[in-house]
Amino acid sequence: MRPALYRVKRGQTLAQVARTFGVTPRLLAAVNALKSELSEGELLVIPPEGNVYRVRGGESMALLCGSPDRFEKKNATRCLYPGQEVLL
């Protein structure tokens with residue numbers, strides 16, 4: 001079972017923590033209202049796990065998540081571009 005909270009260890013980056021828990025860095029930052037890089041000892045809320053997917057050209061929010069609103073809720077963004085990592 002995944003923890004609901006996680007305490008950052010020395011030297012960990014946002015990308016490393018996100019990868020560990022199967023979420024995108026953007027979502028982890030949004031859920032925790034992060035404005036800067038992580039600090040040792042900081043307590044993070046870990047959002048629900050999803051399938052991380054790299055977007056290809058021509059794909060839409062509706063194709064990936066069923067609707068633009070669902071995409072935004074899962075990924076904390078309305079942006080979509082090729083190469084972006086998103087949760088499905």
# chains A, B, ... in the order shown; residues from 1 in each chain; ligands from 1

$ closest_atom_pairs --of "stretch 47-69 of chain A" --to "stretch 81-88 of chain A" --cutoff "7 Å" --atoms "only C-alpha atoms" --output "JSON lines"
{"residue": "A:Gly50", "atom": "CA", "partner": "A:Leu87", "partner_atom": "CA", "distance": 5.5}
{"residue": "A:Asn51", "atom": "CA", "partner": "A:Leu87", "partner_atom": "CA", "distance": 5.3}
{"residue": "A:Val52", "atom": "CA", "partner": "A:Leu87", "partner_atom": "CA", "distance": 4.7}
{"residue": "A:Tyr53", "atom": "CA", "partner": "A:Val86", "partner_atom": "CA", "distance": 5.3}
{"residue": "A:Arg54", "atom": "CA", "partner": "A:Glu85", "partner_atom": "CA", "distance": 4.5}
{"residue": "A:Val55", "atom": "CA", "partner": "A:Pro82", "partner_atom": "CA", "distance": 4.9}
{"residue": "A:Arg56", "atom": "CA", "partner": "A:Pro82", "partner_atom": "CA", "distance": 4.7}
{"residue": "A:Gly57", "atom": "CA", "partner": "A:Pro82", "partner_atom": "CA", "distance": 5.0}
{"residue": "A:Leu64", "atom": "CA", "partner": "A:Leu88", "partner_atom": "CA", "distance": 6.2}
{"residue": "A:Cys65", "atom": "CA", "partner": "A:Leu88", "partner_atom": "CA", "distance": 5.7}

$ residues_around --residues "stretch 17-25 of chain A" --least-positions-apart "6" --cutoff "12 Å" --atoms "only C-alpha atoms" --output "PyMOL selection string"
chain A and resi 1-11+31-34+37-39+42-54+74-77+84-88

$ select_by_dssp --residues "chain A" --states "strand (DSSP E or B)" --output "ChimeraX atom specification"
/A:5-7,43-45,52-54,85-87

$ write_last_selection --atoms "N, CA and C atoms" --output "JSON list (two decimals), in the first residue's frame"
[["chain", "number", "residue", "atom", "x", "y", "z"],
["A", 5, "LEU", "N", 1.43, 10.21, 2.83],
["A", 5, "LEU", "CA", 2.41, 11.27, 3.03],
["A", 5, "LEU", "C", 3.81, 10.70, 2.88],
["A", 6, "TYR", "N", 4.75, 11.54, 2.47],
["A", 6, "TYR", "CA", 6.13, 11.11, 2.29],
["A", 6, "TYR", "C", 7.05, 12.23, 2.75],
["A", 7, "ARG", "N", 8.07, 11.88, 3.54],
["A", 7, "ARG", "CA", 9.06, 12.86, 3.99],
["A", 7, "ARG", "C", 10.28, 12.79, 3.07],
["A", 43, "LEU", "N", 7.40, 17.46, 4.05],
["A", 43, "LEU", "CA", 6.37, 16.44, 4.02],
["A", 43, "LEU", "C", 5.48, 16.67, 2.80],
["A", 44, "LEU", "N", 5.35, 15.64, 1.95],
["A", 44, "LEU", "CA", 4.57, 15.74, 0.72],
["A", 44, "LEU", "C", 3.34, 14.85, 0.79],
["A", 45, "VAL", "N", 2.25, 15.35, 0.24],
["A", 45, "VAL", "CA", 1.05, 14.54, 0.03],
["A", 45, "VAL", "C", 1.28, 13.79, -1.28],
["A", 52, "VAL", "N", 1.62, 6.46, -15.99],
["A", 52, "VAL", "CA", 2.34, 7.56, -16.61],
["A", 52, "VAL", "C", 2.55, 7.21, -18.08],
["A", 53, "TYR", "N", 2.22, 8.18, -18.94],
["A", 53, "TYR", "CA", 2.24, 7.97, -20.38],
["A", 53, "TYR", "C", 2.89, 9.17, -21.06],
["A", 54, "ARG", "N", 3.72, 8.92, -22.08],
["A", 54, "ARG", "CA", 4.35, 10.00, -22.84],
["A", 54, "ARG", "C", 3.48, 10.30, -24.06],
["A", 85, "GLU", "N", 4.76, 13.99, -20.14],
["A", 85, "GLU", "CA", 4.35, 12.84, -19.35],
["A", 85, "GLU", "C", 3.07, 13.19, -18.61],
["A", 86, "VAL", "N", 2.04, 12.35, -18.80],
["A", 86, "VAL", "CA", 0.74, 12.59, -18.18],
["A", 86, "VAL", "C", 0.25, 11.30, -17.52],
["A", 87, "LEU", "N", -0.75, 11.45, -16.66],
["A", 87, "LEU", "CA", -1.41, 10.29, -16.06],
["A", 87, "LEU", "C", -2.66, 9.97, -16.85]]

$ atom_distance --atom1 "atom CA of A:Ala15" --atom2 "atom CA of A:Ala30"
13.1 Å

$ decode --residues "chain A" --atoms "C-alpha atoms" --output "PDB file, in the first residue's frame"
ATOM      1  CA  MET A   1       0.000   0.000   0.000  1.00  0.00           C
ATOM      2  CA  ARG A   2       1.236   3.498  -0.875  1.00  0.00           C
ATOM      3  CA  PRO A   3       1.782   6.086   1.817  1.00  0.00           C
ATOM      4  CA  ALA A   4      -0.512   9.131   1.847  1.00  0.00           C
ATOM      5  CA  LEU A   5       2.414  11.270   3.029  1.00  0.00           C
ATOM      6  CA  TYR A   6       6.132  11.108   2.295  1.00  0.00           C
ATOM      7  CA  ARG A   7       9.059  12.857   3.992  1.00  0.00           C
ATOM      8  CA  VAL A   8      11.739  14.022   1.545  1.00  0.00           C
ATOM      9  CA  LYS A   9      15.237  12.629   2.035  1.00  0.00           C
ATOM     10  CA  ARG A  10      18.427  14.626   1.497  1.00  0.00           C
ATOM     11  CA  GLY A  11      19.273  15.152  -2.158  1.00  0.00           C
ATOM     12  CA  GLN A  12      15.943  13.947  -3.561  1.00  0.00           C
ATOM     13  CA  THR A  13      14.438  15.888  -6.437  1.00  0.00           C
ATOM     14  CA  LEU A  14      10.806  16.377  -7.344  1.00  0.00           C
ATOM     15  CA  ALA A  15      11.270  14.185 -10.422  1.00  0.00           C
ATOM     16  CA  GLN A  16      12.795  11.358  -8.363  1.00  0.00           C
ATOM     17  CA  VAL A  17      10.002  11.363  -5.786  1.00  0.00           C
ATOM     18  CA  ALA A  18       7.329  11.547  -8.505  1.00  0.00           C
ATOM     19  CA  ARG A  19       8.887   8.613 -10.389  1.00  0.00           C
ATOM     20  CA  THR A  20       9.054   6.564  -7.164  1.00  0.00           C
ATOM     21  CA  PHE A  21       5.303   6.912  -6.642  1.00  0.00           C
ATOM     22  CA  GLY A  22       4.188   6.683 -10.275  1.00  0.00           C
ATOM     23  CA  VAL A  23       2.971  10.257 -10.700  1.00  0.00           C
ATOM     24  CA  THR A  24       4.188  13.181 -12.781  1.00  0.00           C
ATOM     25  CA  PRO A  25       6.345  15.926 -11.261  1.00  0.00           C
ATOM     26  CA  ARG A  26       3.761  18.534 -12.340  1.00  0.00           C
ATOM     27  CA  LEU A  27       0.975  16.747 -10.448  1.00  0.00           C
ATOM     28  CA  LEU A  28       3.110  16.224  -7.334  1.00  0.00           C
ATOM     29  CA  ALA A  29       4.054  19.925  -7.354  1.00  0.00           C
ATOM     30  CA  ALA A  30       0.435  21.032  -7.864  1.00  0.00           C
ATOM     31  CA  VAL A  31      -0.983  18.805  -5.109  1.00  0.00           C
ATOM     32  CA  ASN A  32       1.612  20.169  -2.678  1.00  0.00           C
ATOM     33  CA  ALA A  33       1.520  23.802  -3.918  1.00  0.00           C
ATOM     34  CA  LEU A  34       5.292  23.723  -4.417  1.00  0.00           C
ATOM     35  CA  LYS A  35       6.947  26.927  -5.567  1.00  0.00           C
ATOM     36  CA  SER A  36      10.578  25.743  -5.360  1.00  0.00           C
ATOM     37  CA  GLU A  37      12.671  22.573  -5.329  1.00  0.00           C
ATOM     38  CA  LEU A  38      12.240  20.128  -2.453  1.00  0.00           C
ATOM     39  CA  SER A  39      13.938  20.481   0.914  1.00  0.00           C
ATOM     40  CA  GLU A  40      15.139  17.665   3.139  1.00  0.00           C
ATOM     41  CA  GLY A  41      12.462  16.780   5.699  1.00  0.00           C
ATOM     42  CA  GLU A  42       9.615  18.378   3.741  1.00  0.00           C
ATOM     43  CA  LEU A  43       6.367  16.440   4.020  1.00  0.00           C
ATOM     44  CA  LEU A  44       4.568  15.736   0.721  1.00  0.00           C
ATOM     45  CA  VAL A  45       1.051  14.538   0.028  1.00  0.00           C
ATOM     46  CA  ILE A  46       1.251  11.657  -2.461  1.00  0.00           C
ATOM     47  CA  PRO A  47      -1.632  11.719  -4.974  1.00  0.00           C
ATOM     48  CA  PRO A  48      -3.269   8.527  -6.232  1.00  0.00           C
ATOM     49  CA  GLU A  49      -1.126   6.465  -8.584  1.00  0.00           C
ATOM     50  CA  GLY A  50      -1.849   6.334 -12.288  1.00  0.00           C
ATOM     51  CA  ASN A  51      -0.357   5.118 -15.526  1.00  0.00           C
ATOM     52  CA  VAL A  52       2.343   7.559 -16.606  1.00  0.00           C
ATOM     53  CA  TYR A  53       2.238   7.969 -20.385  1.00  0.00           C
ATOM     54  CA  ARG A  54       4.346  10.005 -22.837  1.00  0.00           C
ATOM     55  CA  VAL A  55       2.084  11.968 -25.229  1.00  0.00           C
ATOM     56  CA  ARG A  56       2.494  11.543 -28.983  1.00  0.00           C
ATOM     57  CA  GLY A  57       1.611  14.098 -31.665  1.00  0.00           C
ATOM     58  CA  GLY A  58      -2.075  14.308 -32.559  1.00  0.00           C
ATOM     59  CA  GLU A  59      -3.400  12.961 -29.254  1.00  0.00           C
ATOM     60  CA  SER A  60      -6.068  14.917 -27.374  1.00  0.00           C
ATOM     61  CA  MET A  61      -7.113  15.260 -23.752  1.00  0.00           C
ATOM     62  CA  ALA A  62     -10.392  13.515 -24.564  1.00  0.00           C
ATOM     63  CA  LEU A  63      -8.564  10.614 -26.222  1.00  0.00           C
ATOM     64  CA  LEU A  64      -6.213  10.184 -23.266  1.00  0.00           C
ATOM     65  CA  CYS A  65      -8.598  10.667 -20.330  1.00  0.00           C
ATOM     66  CA  GLY A  66     -12.138  10.726 -21.697  1.00  0.00           C
ATOM     67  CA  SER A  67     -12.618  14.501 -21.421  1.00  0.00           C
ATOM     68  CA  PRO A  68     -10.584  17.719 -21.055  1.00  0.00           C
ATOM     69  CA  ASP A  69     -11.934  18.205 -17.510  1.00  0.00           C
ATOM     70  CA  ARG A  70     -10.867  14.716 -16.424  1.00  0.00           C
ATOM     71  CA  PHE A  71      -7.438  15.284 -18.012  1.00  0.00           C
ATOM     72  CA  GLU A  72      -7.010  18.541 -16.090  1.00  0.00           C
ATOM     73  CA  LYS A  73      -8.088  16.968 -12.800  1.00  0.00           C
ATOM     74  CA  LYS A  74      -5.662  14.026 -13.181  1.00  0.00           C
ATOM     75  CA  ASN A  75      -2.721  16.116 -14.434  1.00  0.00           C
ATOM     76  CA  ALA A  76      -3.190  19.560 -12.841  1.00  0.00           C
ATOM     77  CA  THR A  77      -2.849  21.261 -16.229  1.00  0.00           C
ATOM     78  CA  ARG A  78      -4.773  22.159 -19.357  1.00  0.00           C
ATOM     79  CA  CYS A  79      -1.579  21.974 -21.433  1.00  0.00           C
ATOM     80  CA  LEU A  80      -0.956  19.036 -23.753  1.00  0.00           C
ATOM     81  CA  TYR A  81       2.058  18.634 -26.041  1.00  0.00           C
ATOM     82  CA  PRO A  82       4.070  15.783 -27.609  1.00  0.00           C
ATOM     83  CA  GLY A  83       6.641  14.341 -25.211  1.00  0.00           C
ATOM     84  CA  GLN A  84       4.756  15.452 -22.092  1.00  0.00           C
ATOM     85  CA  GLU A  85       4.350  12.839 -19.347  1.00  0.00           C
ATOM     86  CA  VAL A  86       0.738  12.590 -18.179  1.00  0.00           C
ATOM     87  CA  LEU A  87      -1.412  10.290 -16.064  1.00  0.00           C
ATOM     88  CA  LEU A  88      -4.057   8.264 -17.830  1.00  0.00           C
TER      89      LEU A  88
END
